[in-house]
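See below for upload.pdb, which holds PDB, C-alpha atoms and all ligand atoms.
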```pdb
ATOM      1  CA  MET A   1      26.328 -34.653 -33.449
ATOM      2  CA  ASN A   2      23.748 -36.778 -35.159
ATOM      3  CA  LYS A   3      23.549 -40.553 -34.973
ATOM      4  CA  ASP A   4      21.179 -40.814 -37.953
ATOM      5  CA  LEU A   5      20.856 -40.010 -41.659
ATOM      6  CA  LEU A   6      17.377 -38.564 -42.051
ATOM      7  CA  SER A   7      17.876 -35.773 -44.564
ATOM      8  CA  ILE A   8      20.468 -34.336 -46.924
ATOM      9  CA  GLU A   9      20.156 -31.234 -44.750
ATOM     10  CA  ASP A  10      22.035 -33.206 -42.057
ATOM     11  CA  LEU A  11      25.130 -33.320 -44.263
ATOM     12  CA  THR A  12      27.817 -30.792 -45.057
ATOM     13  CA  ARG A  13      29.631 -30.865 -48.375
ATOM     14  CA  GLU A  14      32.589 -32.467 -46.597
ATOM     15  CA  ASP A  15      30.312 -35.145 -45.131
ATOM     16  CA  ILE A  16      29.010 -35.938 -48.613
ATOM     17  CA  GLU A  17      32.490 -36.046 -50.117
ATOM     18  CA  HIS A  18      33.586 -38.362 -47.330
ATOM     19  CA  ILE A  19      30.689 -40.758 -48.019
ATOM     20  CA  LEU A  20      31.385 -40.697 -51.776
ATOM     21  CA  ASP A  21      35.092 -41.348 -51.217
ATOM     22  CA  ARG A  22      34.277 -44.212 -48.881
ATOM     23  CA  ALA A  23      31.908 -45.620 -51.505
ATOM     24  CA  GLU A  24      34.791 -45.535 -53.999
ATOM     25  CA  SER A  25      36.820 -47.770 -51.686
ATOM     26  CA  PHE A  26      33.879 -50.167 -51.419
ATOM     27  CA  ALA A  27      33.612 -50.215 -55.218
ATOM     28  CA  GLU A  28      37.120 -51.625 -55.220
ATOM     29  CA  VAL A  29      35.970 -54.318 -52.745
ATOM     30  CA  SER A  30      32.938 -55.043 -54.951
ATOM     31  CA  GLY A  31      35.282 -55.822 -57.817
ATOM     32  CA  ARG A  32      36.896 -58.657 -55.864
ATOM     33  CA  ALA A  33      35.820 -62.305 -56.025
ATOM     34  CA  ILE A  34      34.930 -62.136 -52.314
ATOM     35  CA  LYS A  35      32.992 -58.926 -51.827
ATOM     36  CA  LYS A  36      32.797 -58.914 -48.027
ATOM     37  CA  VAL A  37      34.593 -56.948 -45.334
ATOM     38  CA  PRO A  38      34.341 -57.732 -41.614
ATOM     39  CA  THR A  39      33.514 -54.189 -40.503
ATOM     40  CA  LEU A  40      30.093 -54.875 -38.950
ATOM     41  CA  ARG A  41      30.634 -58.481 -37.881
ATOM     42  CA  GLY A  42      28.473 -59.232 -34.825
ATOM     43  CA  ARG A  43      26.310 -56.137 -35.299
ATOM     44  CA  THR A  44      22.686 -56.155 -36.363
ATOM     45  CA  VAL A  45      21.028 -54.130 -39.115
ATOM     46  CA  ILE A  46      17.227 -54.110 -39.390
ATOM     47  CA  ASN A  47      15.547 -53.160 -42.667
ATOM     48  CA  LEU A  48      11.980 -52.071 -42.029
ATOM     49  CA  PHE A  49      10.116 -51.463 -45.281
ATOM     50  CA  TYR A  50       6.527 -50.288 -44.960
ATOM     51  CA  GLU A  51       6.319 -49.352 -48.620
ATOM     52  CA  ALA A  52       7.155 -51.128 -51.881
ATOM     53  CA  SER A  53      10.801 -51.203 -52.918
ATOM     54  CA  THR A  54      13.099 -53.214 -55.150
ATOM     55  CA  ARG A  55      16.284 -51.162 -55.469
ATOM     56  CA  THR A  56      16.561 -49.593 -52.036
ATOM     57  CA  SER A  57      15.622 -52.694 -50.056
ATOM     58  CA  SER A  58      17.867 -55.063 -52.053
ATOM     59  CA  SER A  59      20.849 -52.723 -52.015
ATOM     60  CA  PHE A  60      20.575 -52.064 -48.272
ATOM     61  CA  GLU A  61      20.401 -55.845 -47.761
ATOM     62  CA  LEU A  62      23.483 -56.399 -49.888
ATOM     63  CA  ALA A  63      25.267 -53.497 -48.206
ATOM     64  CA  ALA A  64      24.677 -54.916 -44.717
ATOM     65  CA  LYS A  65      25.668 -58.437 -45.796
ATOM     66  CA  ARG A  66      28.839 -57.242 -47.521
ATOM     67  CA  LEU A  67      29.792 -55.490 -44.279
ATOM     68  CA  SER A  68      29.221 -58.835 -42.485
ATOM     69  CA  ALA A  69      26.344 -57.524 -40.338
ATOM     70  CA  ASP A  70      23.517 -59.768 -39.116
ATOM     71  CA  LEU A  71      20.512 -58.672 -41.129
ATOM     72  CA  VAL A  72      16.788 -58.757 -40.348
ATOM     73  CA  SER A  73      14.494 -57.666 -43.188
ATOM     74  CA  ILE A  74      10.861 -56.880 -42.435
ATOM     75  CA  LYS A  75       8.202 -55.865 -44.945
ATOM     76  CA  ALA A  76       4.841 -54.538 -43.826
ATOM     77  CA  ALA A  77       2.981 -57.357 -45.578
ATOM     78  CA  GLY A  78       3.197 -60.465 -43.459
ATOM     79  CA  SER A  79       4.497 -58.635 -40.383
ATOM     80  CA  ALA A  80       2.630 -57.702 -37.199
ATOM     81  CA  ALA A  81       1.796 -54.385 -38.920
ATOM     82  CA  ASP A  82      -0.844 -56.465 -40.727
ATOM     83  CA  LYS A  83      -2.367 -57.150 -37.315
ATOM     84  CA  GLY A  84      -2.419 -53.470 -36.436
ATOM     85  CA  GLU A  85       0.832 -53.117 -34.492
ATOM     86  CA  SER A  86       1.937 -49.485 -34.381
ATOM     87  CA  LEU A  87       5.298 -48.311 -35.717
ATOM     88  CA  LYS A  88       6.352 -47.335 -32.202
ATOM     89  CA  ASP A  89       5.521 -50.776 -30.777
ATOM     90  CA  THR A  90       7.323 -52.434 -33.705
ATOM     91  CA  VAL A  91      10.429 -50.336 -33.091
ATOM     92  CA  GLN A  92      10.343 -51.087 -29.352
ATOM     93  CA  THR A  93       9.948 -54.791 -30.123
ATOM     94  CA  LEU A  94      12.860 -54.822 -32.570
ATOM     95  CA  SER A  95      14.997 -52.823 -30.144
ATOM     96  CA  ALA A  96      15.104 -55.965 -27.984
ATOM     97  CA  TYR A  97      17.624 -57.303 -30.538
ATOM     98  CA  ASP A  98      19.940 -54.339 -29.839
ATOM     99  CA  PRO A  99      20.259 -53.289 -33.491
ATOM    100  CA  ALA A 100      23.151 -51.070 -34.530
ATOM    101  CA  ALA A 101      21.075 -49.604 -37.354
ATOM    102  CA  ILE A 102      17.466 -49.432 -38.493
ATOM    103  CA  VAL A 103      16.783 -48.626 -42.138
ATOM    104  CA  ILE A 104      13.193 -47.452 -42.537
ATOM    105  CA  ARG A 105      10.975 -46.761 -45.547
ATOM    106  CA  SER A 106       7.493 -45.472 -44.851
ATOM    107  CA  PRO A 107       4.697 -43.776 -46.778
ATOM    108  CA  HIS A 108       4.507 -41.205 -43.966
ATOM    109  CA  VAL A 109       6.522 -37.969 -43.871
ATOM    110  CA  GLY A 110       8.626 -37.856 -40.710
ATOM    111  CA  ALA A 111       8.463 -41.592 -39.937
ATOM    112  CA  ALA A 112      12.249 -41.989 -39.943
ATOM    113  CA  ALA A 113      12.650 -39.041 -37.576
ATOM    114  CA  LEU A 114      10.172 -40.657 -35.178
ATOM    115  CA  VAL A 115      12.046 -43.965 -35.275
ATOM    116  CA  ALA A 116      15.263 -42.067 -34.541
ATOM    117  CA  ARG A 117      13.628 -40.639 -31.403
ATOM    118  CA  TRP A 118      12.375 -44.022 -30.251
ATOM    119  CA  SER A 119      15.540 -46.016 -30.890
ATOM    120  CA  ALA A 120      19.155 -45.834 -29.768
ATOM    121  CA  ALA A 121      20.161 -47.353 -33.120
ATOM    122  CA  ALA A 122      21.453 -45.290 -36.027
ATOM    123  CA  VAL A 123      18.422 -44.667 -38.236
ATOM    124  CA  VAL A 124      18.675 -44.302 -42.000
ATOM    125  CA  ASN A 125      15.782 -42.789 -43.911
ATOM    126  CA  ALA A 126      15.135 -44.987 -46.944
ATOM    127  CA  GLY A 127      12.250 -42.763 -48.042
ATOM    128  CA  ASP A 128       9.529 -41.118 -45.934
ATOM    129  CA  GLY A 129       6.470 -40.216 -47.950
ATOM    130  CA  LYS A 130       7.187 -37.328 -50.279
ATOM    131  CA  HIS A 131       9.717 -35.797 -47.898
ATOM    132  CA  GLU A 132      13.219 -37.203 -48.499
ATOM    133  CA  HIS A 133      15.239 -40.132 -49.825
ATOM    134  CA  PRO A 134      18.772 -39.093 -48.867
ATOM    135  CA  THR A 135      20.639 -42.251 -49.854
ATOM    136  CA  GLN A 136      19.095 -42.038 -53.354
ATOM    137  CA  ALA A 137      20.554 -38.552 -53.690
ATOM    138  CA  LEU A 138      23.947 -39.725 -52.436
ATOM    139  CA  LEU A 139      24.082 -42.590 -54.919
ATOM    140  CA  ASP A 140      23.037 -40.197 -57.690
ATOM    141  CA  LEU A 141      25.889 -37.846 -56.814
ATOM    142  CA  TYR A 142      28.249 -40.789 -56.763
ATOM    143  CA  ALA A 143      27.085 -42.048 -60.172
ATOM    144  CA  VAL A 144      27.452 -38.610 -61.791
ATOM    145  CA  ARG A 145      30.839 -37.983 -60.184
ATOM    146  CA  ARG A 146      32.061 -41.336 -61.488
ATOM    147  CA  ARG A 147      30.869 -40.482 -65.010
ATOM    148  CA  VAL A 148      32.167 -36.911 -65.273
ATOM    149  CA  GLY A 149      34.819 -36.569 -62.538
ATOM    150  CA  SER A 150      33.579 -33.425 -60.795
ATOM    151  CA  LEU A 151      30.172 -32.141 -59.745
ATOM    152  CA  GLU A 152      31.116 -28.476 -59.391
ATOM    153  CA  GLY A 153      29.188 -26.207 -61.746
ATOM    154  CA  LEU A 154      27.139 -28.934 -63.429
ATOM    155  CA  LYS A 155      23.701 -27.926 -64.709
ATOM    156  CA  ILE A 156      21.060 -30.384 -63.525
ATOM    157  CA  TRP A 157      17.481 -30.405 -64.830
ATOM    158  CA  ILE A 158      15.032 -32.416 -62.720
ATOM    159  CA  VAL A 159      11.971 -33.083 -64.874
ATOM    160  CA  GLY A 160       8.484 -34.334 -64.054
ATOM    161  CA  ASP A 161       6.440 -34.969 -60.935
ATOM    162  CA  VAL A 162       8.437 -32.830 -58.506
ATOM    163  CA  LEU A 163       5.414 -32.317 -56.256
ATOM    164  CA  HIS A 164       5.192 -35.918 -55.053
ATOM    165  CA  SER A 165       8.889 -36.735 -55.240
ATOM    166  CA  ARG A 166      11.116 -37.254 -52.207
ATOM    167  CA  VAL A 167      13.908 -37.988 -54.693
ATOM    168  CA  ALA A 168      13.532 -34.493 -56.168
ATOM    169  CA  ARG A 169      13.744 -32.798 -52.793
ATOM    170  CA  SER A 170      16.820 -34.758 -51.673
ATOM    171  CA  ASN A 171      18.489 -34.296 -55.042
ATOM    172  CA  ILE A 172      17.880 -30.541 -55.200
ATOM    173  CA  LEU A 173      19.504 -30.220 -51.780
ATOM    174  CA  ALA A 174      22.346 -32.606 -52.611
ATOM    175  CA  PHE A 175      23.270 -31.232 -56.044
ATOM    176  CA  ARG A 176      23.077 -27.655 -54.721
ATOM    177  CA  ARG A 177      25.322 -28.531 -51.804
ATOM    178  CA  MET A 178      27.895 -29.898 -54.239
ATOM    179  CA  GLY A 179      27.980 -26.677 -56.264
ATOM    180  CA  CYS A 180      25.591 -27.573 -59.095
ATOM    181  CA  GLU A 181      22.939 -25.365 -60.707
ATOM    182  CA  VAL A 182      19.552 -27.046 -60.359
ATOM    183  CA  THR A 183      16.440 -26.412 -62.457
ATOM    184  CA  VAL A 184      13.149 -28.195 -61.835
ATOM    185  CA  CYS A 185      10.770 -28.555 -64.758
ATOM    186  CA  GLY A 186       7.243 -29.839 -65.137
ATOM    187  CA  PRO A 187       3.614 -28.796 -65.453
ATOM    188  CA  PRO A 188       2.619 -26.146 -62.862
ATOM    189  CA  THR A 189       0.351 -28.678 -61.133
ATOM    190  CA  LEU A 190       3.358 -30.908 -60.392
ATOM    191  CA  ILE A 191       5.745 -28.220 -59.095
ATOM    192  CA  PRO A 192       5.529 -27.396 -55.361
ATOM    193  CA  ARG A 193       4.784 -23.741 -54.709
ATOM    194  CA  ASP A 194       7.824 -22.967 -52.527
ATOM    195  CA  VAL A 195      10.401 -25.122 -54.306
ATOM    196  CA  GLU A 196      12.646 -22.134 -55.198
ATOM    197  CA  SER A 197      13.413 -21.814 -51.485
ATOM    198  CA  LEU A 198      15.560 -24.966 -51.901
ATOM    199  CA  GLY A 199      17.842 -23.005 -54.219
ATOM    200  CA  CYS A 200      16.602 -24.129 -57.629
ATOM    201  CA  THR A 201      15.090 -22.444 -60.668
ATOM    202  CA  VAL A 202      11.641 -23.400 -62.013
ATOM    203  CA  ARG A 203      10.677 -23.975 -65.665
ATOM    204  CA  TYR A 204       7.317 -25.072 -66.992
ATOM    205  CA  SER A 205       8.588 -26.381 -70.336
ATOM    206  CA  LEU A 206      11.662 -28.216 -71.617
ATOM    207  CA  GLU A 207      12.764 -25.182 -73.611
ATOM    208  CA  GLY A 208      16.376 -24.512 -72.652
ATOM    209  CA  SER A 209      17.001 -28.044 -71.372
ATOM    210  CA  SER A 210      19.611 -28.576 -74.123
ATOM    211  CA  ARG A 211      21.969 -26.522 -71.910
ATOM    212  CA  ALA A 212      21.734 -29.102 -69.096
ATOM    213  CA  ASP A 213      24.587 -31.498 -68.376
ATOM    214  CA  VAL A 214      22.224 -33.908 -66.633
ATOM    215  CA  ILE A 215      18.542 -34.553 -67.296
ATOM    216  CA  TYR A 216      17.064 -36.288 -64.253
ATOM    217  CA  ALA A 217      13.597 -37.621 -65.111
ATOM    218  CA  LEU A 218      11.187 -38.410 -62.280
ATOM    219  CA  ARG A 219       8.550 -41.111 -62.099
ATOM    220  CA  MET A 220       4.923 -40.041 -62.263
ATOM    221  CA  GLN A 221       3.884 -41.090 -58.750
ATOM    222  CA  SER A 222       0.263 -42.006 -59.299
ATOM    223  CA  GLU A 223       0.145 -43.794 -55.920
ATOM    224  CA  ARG A 224       0.571 -40.400 -54.196
ATOM    225  CA  MET A 225      -1.906 -38.541 -56.401
ATOM    226  CA  GLU A 226      -5.408 -37.900 -55.215
ATOM    227  CA  GLY A 227      -7.217 -36.692 -58.295
ATOM    228  CA  SER A 228      -5.823 -35.689 -61.651
ATOM    229  CA  PHE A 229      -2.720 -33.494 -61.947
ATOM    230  CA  VAL A 230      -2.346 -33.675 -65.736
ATOM    231  CA  PRO A 231      -5.064 -33.813 -68.413
ATOM    232  CA  SER A 232      -3.751 -37.213 -69.578
ATOM    233  CA  LEU A 233      -0.501 -39.176 -69.559
ATOM    234  CA  ARG A 234      -0.414 -38.823 -73.345
ATOM    235  CA  GLU A 235      -0.482 -35.030 -73.043
ATOM    236  CA  TYR A 236       2.113 -35.116 -70.265
ATOM    237  CA  ALA A 237       4.396 -37.279 -72.426
ATOM    238  CA  ALA A 238       3.971 -34.954 -75.411
ATOM    239  CA  ARG A 239       5.318 -32.019 -73.375
ATOM    240  CA  PHE A 240       7.746 -33.582 -70.896
ATOM    241  CA  GLN A 241       8.775 -37.071 -71.985
ATOM    242  CA  ILE A 242      12.527 -37.367 -72.579
ATOM    243  CA  ASP A 243      13.040 -39.036 -75.931
ATOM    244  CA  GLY A 244      15.770 -39.202 -78.558
ATOM    245  CA  ARG A 245      14.909 -35.726 -79.858
ATOM    246  CA  ARG A 246      15.116 -34.128 -76.422
ATOM    247  CA  LEU A 247      18.309 -35.781 -75.173
ATOM    248  CA  GLY A 248      21.534 -34.367 -76.596
ATOM    249  CA  PRO A 249      24.483 -36.684 -77.316
ATOM    250  CA  HIS A 250      26.563 -35.155 -74.509
ATOM    251  CA  GLN A 251      23.823 -35.095 -71.900
ATOM    252  CA  ILE A 252      23.561 -37.606 -69.072
ATOM    253  CA  LEU A 253      20.163 -39.167 -68.432
ATOM    254  CA  MET A 254      19.151 -40.275 -64.941
ATOM    255  CA  HIS A 255      16.047 -41.776 -63.360
ATOM    256  CA  PRO A 256      15.621 -43.212 -59.847
ATOM    257  CA  GLY A 257      13.487 -46.132 -61.054
ATOM    258  CA  PRO A 258      11.123 -47.755 -61.469
ATOM    259  CA  VAL A 259      10.535 -46.205 -64.905
ATOM    260  CA  ASN A 260       7.093 -45.791 -66.450
ATOM    261  CA  ARG A 261       8.239 -46.646 -69.976
ATOM    262  CA  GLY A 262       6.578 -44.454 -72.552
ATOM    263  CA  VAL A 263       5.539 -41.845 -69.968
ATOM    264  CA  GLU A 264       8.518 -39.966 -68.529
ATOM    265  CA  LEU A 265      11.086 -41.765 -70.740
ATOM    266  CA  ALA A 266      10.945 -43.153 -74.270
ATOM    267  CA  ALA A 267      12.388 -46.626 -74.792
ATOM    268  CA  GLU A 268      15.195 -45.376 -77.037
ATOM    269  CA  VAL A 269      16.797 -43.255 -74.304
ATOM    270  CA  ILE A 270      16.491 -45.798 -71.491
ATOM    271  CA  ASP A 271      19.037 -48.059 -73.141
ATOM    272  CA  SER A 272      21.156 -45.283 -74.665
ATOM    273  CA  PRO A 273      24.838 -44.739 -73.747
ATOM    274  CA  GLN A 274      23.820 -41.477 -72.052
ATOM    275  CA  ALA A 275      21.608 -43.320 -69.557
ATOM    276  CA  LEU A 276      23.101 -43.744 -66.096
ATOM    277  CA  ILE A 277      20.160 -45.761 -64.778
ATOM    278  CA  VAL A 278      21.979 -49.088 -64.333
ATOM    279  CA  ALA A 279      25.015 -47.302 -62.864
ATOM    280  CA  GLN A 280      22.672 -45.650 -60.341
ATOM    281  CA  VAL A 281      21.446 -49.069 -59.197
ATOM    282  CA  GLU A 282      25.023 -50.361 -58.988
ATOM    283  CA  ALA A 283      26.014 -47.299 -56.969
ATOM    284  CA  GLY A 284      23.247 -48.060 -54.479
ATOM    285  CA  VAL A 285      25.164 -50.930 -52.886
ATOM    286  CA  VAL A 286      28.502 -49.195 -52.373
ATOM    287  CA  VAL A 287      26.977 -45.882 -51.289
ATOM    288  CA  ARG A 288      24.738 -47.631 -48.746
ATOM    289  CA  MET A 289      27.752 -49.614 -47.528
ATOM    290  CA  ALA A 290      29.505 -46.281 -47.077
ATOM    291  CA  VAL A 291      26.575 -44.787 -45.160
ATOM    292  CA  LEU A 292      26.371 -47.776 -42.793
ATOM    293  CA  TYR A 293      30.139 -47.768 -42.426
ATOM    294  CA  VAL A 294      30.349 -44.088 -41.579
ATOM    295  CA  LEU A 295      27.424 -44.209 -39.143
ATOM    296  CA  LEU A 296      28.421 -47.432 -37.394
ATOM    297  CA  ALA A 297      32.154 -47.851 -37.794
ATOM    298  CA  GLY A 298      33.446 -44.460 -38.785
ATOM    299  CA  GLY A 299      34.977 -43.525 -35.442
ATOM    300  CA  GLY A 300      31.690 -42.121 -34.184
ATOM    301  CA  PRO A 301      29.131 -40.453 -36.407
ATOM    302  CA  SER A 302      29.319 -36.718 -36.776
ATOM    303  CA  LEU A 303      26.705 -35.936 -39.376
ATOM    304  CA  ALA A 304      26.746 -32.323 -38.341
ATOM    305  CA  ALA A 305      24.064 -29.858 -39.245
ATOM    306  CA  ALA A 306      25.000 -28.101 -42.446
ATOM    307  CA  GLY A 307      26.758 -24.804 -41.924
ATOM    308  CA  GLU A 308      28.158 -25.631 -38.510
ATOM    309  CA  ALA A 309      31.818 -24.897 -38.147
ATOM    310  CA  GLY A 310      33.897 -28.052 -38.053
ATOM    311  CA  GLY A 311      30.985 -30.079 -39.306
ATOM    312  CA  ALA A 312      32.984 -32.464 -41.428
ATOM    313  CA  MET A 313      32.142 -36.063 -40.785
ATOM    314  CA  ALA A 314      34.752 -37.724 -38.646
ATOM    315  CA  ARG A 315      37.264 -39.773 -40.569
ATOM    316  CA  PRO A 316      37.035 -43.488 -39.802
ATOM    317  CA  ALA A 317      39.220 -44.765 -37.019
ATOM    318  CA  GLU A 318      39.879 -47.826 -39.150
ATOM    319  CA  SER A 319      41.931 -47.759 -42.307
ATOM    320  CA  GLU A 320      40.699 -48.971 -45.697
ATOM    321  CA  PRO A 321      38.220 -51.863 -45.588
ATOM    322  CA  GLN A 322      39.900 -55.271 -45.489
ATOM    323  CA  PRO A 323      38.454 -58.488 -46.901
ATOM    324  CA  ALA A 324      36.470 -60.608 -44.434
TER     325      ALA A 324
HETATM  326  N1  LIG B 401      14.677 -45.522 -56.379
HETATM  327  C1  LIG B 401      13.994 -46.247 -55.506
HETATM  328  O1  LIG B 401      13.804 -45.864 -54.344
HETATM  329  O2  LIG B 401      13.566 -47.457 -55.972
HETATM  330  P1  LIG B 401      12.768 -48.558 -55.150
HETATM  331  O3  LIG B 401      11.402 -48.002 -54.861
HETATM  332  O4  LIG B 401      12.735 -49.775 -56.051
HETATM  333  O5  LIG B 401      13.508 -48.806 -53.873
END
```
Here is a file; write its structure as structure tokens.
Amino acid sequence: MNKDLLSIEDLTREDIEHILDRAESFAEVSGRAIKKVPTLRGRTVINLFYEASTRTSSSFELAAKRLSADLVSIKAAGSAADKGESLKDTVQTLSAYDPAAIVIRSPHVGAAALVARWSAAAVVNAGDGKHEHPTQALLDLYAVRRRVGSLEGLKIWIVGDVLHSRVARSNILAFRRMGCEVTVCGPPTLIPRDVESLGCTVRYSLEGSSRADVIYALRMQSERMEGSFVPSLREYAARFQIDGRRLGPHQILMHPGPVNRGVELAAEVIDSPQALIVAQVEAGVVVRMAVLYVLLAGGGPSLAAAGEAGGAMARPAESEPQPA
């Protein structure tokens, strides 16, 4: 049993399907005039963001509010972290409020796992350094499933700065778990040496990418780069930028955001009908509602280690979400 969501590796295929199905029911709620359900009324969710975020922080806030939780949102800037308070002391301080869940983003690999050890609350990893971003991967699965109906057998190409990308790692694991074929593609300097061990194929050029069902472009993460990994952004774009020539009419285009326009994506594809980028953002709210719901109100979390017999996430004790 696991009380937290720290990694896609914590989830079986059945767990993922359960979260995606639950998100579908919240999408129905999101279509109503009043978008709230009372599921987490009286419970506290703390968002602790030690690194910049627009999409993840806002969608976790909306998710908690739409589940009627009491929400505390803390950003590193302006908090006691500015005065040198350690993460452990911050978590112990916030634990005085008896939170049901702590959502944590940190520039440090393993930060969410540490918080999970220090706190009795359910901990959700909202991105830890270049390690993992599991809820991004879940919302990506959800967005693709909504567009095409089934994930089984889809060919996914993940293109760009794989080396510094927690999104890439979580998405390789997630798409593989759902029966997709995953290829990662980029310059050799931006591909981690052991990435094949995650079950993907490696390509160092876009040749063959026309066979992909989904092209998932990654942001060049200059904030995580010490030194130069490509000769120039212009040269990178010439070889790996997804533009109108490189995106087929039946291919889906994804990107986790924020986009470096003119680097990994050309303007003409960002706003094309193939782009799922806005749908990914929209999916963020309902998928994060589903994650909080399953962890906090789903009849007891059972995010079992992948491969364990009977590891399916427990079905919620409650029936479909009702309006607040
Ligand atoms: N995709 C993603 O994590 O975006 P933010 O950094 O804006 O949260």
Could you write out as a PyMOL selection string the residues that the PyMOL selection byres (((not hetatm)) within 8 of (chain B and resi 401)) matches in the shown file?
chain A and resi 52-58+126-127+133+136+167+256-258
For the PyMOL selection byres (((chain A and resi 186-197) around 9) and not hetatm), applied here, can you spell out every residue it catches as an MDAnalysis selection string?
chainID A and resid 158:164 169 184:185 198:206 229:230 236 239:240
One decimal, in Å: what's the spacing between atom CA of A:Val123 and atom CA of A:Ile34?
27.9 Å
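The nearest approach to A:Leu11 among the residues A:Ser86, A:Ser170, A:Gln241, A:Ser68, with all atoms listed in the file taken into account, belongs to A:Ser170.
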Let me make sure I understand: among A:Ala120, A:Val37, A:Ala76, A:Ala137, which one has the smallest atom-to-atom distance to A:Pro107 if we use only C-alpha atoms?
A:Ala76
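Considering the residues A:Pro249, A:Leu296, A:Ala238, A:Val286 and counting all atoms listed in the file, A:Phe26 has its shortest atom-to-atom contact with A:Val286.
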Set up a box along x, y and z of the file covering all listed atoms of stretch 112-129 of chain A, add 3 Å on every one of the six sides, and write the centre and edge lengths in Å to one decimal, as AutoDock Vina command-line options.
```
--center_x 14.0 --center_y -43.2 --center_z -38.9 --size_x 21.0 --size_y 14.3 --size_z 24.3
```
Report as a PyMOL selection string the residues that result from applying the PyMOL selection byres (((chain A and resi 217) around 8) and not hetatm) to the structure here.
chain A and resi 158-160+215-216+218-219+242+253-256+264-265
Using all atoms listed in the file: which of A:Ala23, A:Asn260, A:Val115, A:Asp82 has the shortest distance to A:Leu94
A:Val115
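Pairwise distance (atom CA of A:Leu139, atom CA of A:Gly244) equals 25.3 Å.
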Looking at A:Val259, A:Val72, A:Ala111, A:Ala237, which one is nearest to A:Val278, with distances taken over all atoms listed in the file?
A:Val259
Might you pull out every residue within 10 Å of A:Val287, with only C-alpha atoms counted and same-chain residues fewer than 6 positions away left off, and present them as a list of chain:residue names?
A:Ile19, A:Leu20, A:Asp21, A:Arg22, A:Ala23, A:Glu24, A:Phe26, A:Ala27, A:Ser59, A:Phe60, A:Ala63, A:Thr135, A:Gln136, A:Leu138, A:Leu139, A:Asp140, A:Leu141, A:Tyr142, A:Ala143, A:Tyr293
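Distances here use only C-alpha atoms; by that measure, the residue among A:Ala290, A:Leu87, A:Ile270, A:Ala80 closest to A:Asp243 is A:Ile270.
Picture a line from atom CA of A:Ser210 to atom CA of A:Val281; it runs 25.4 Å.
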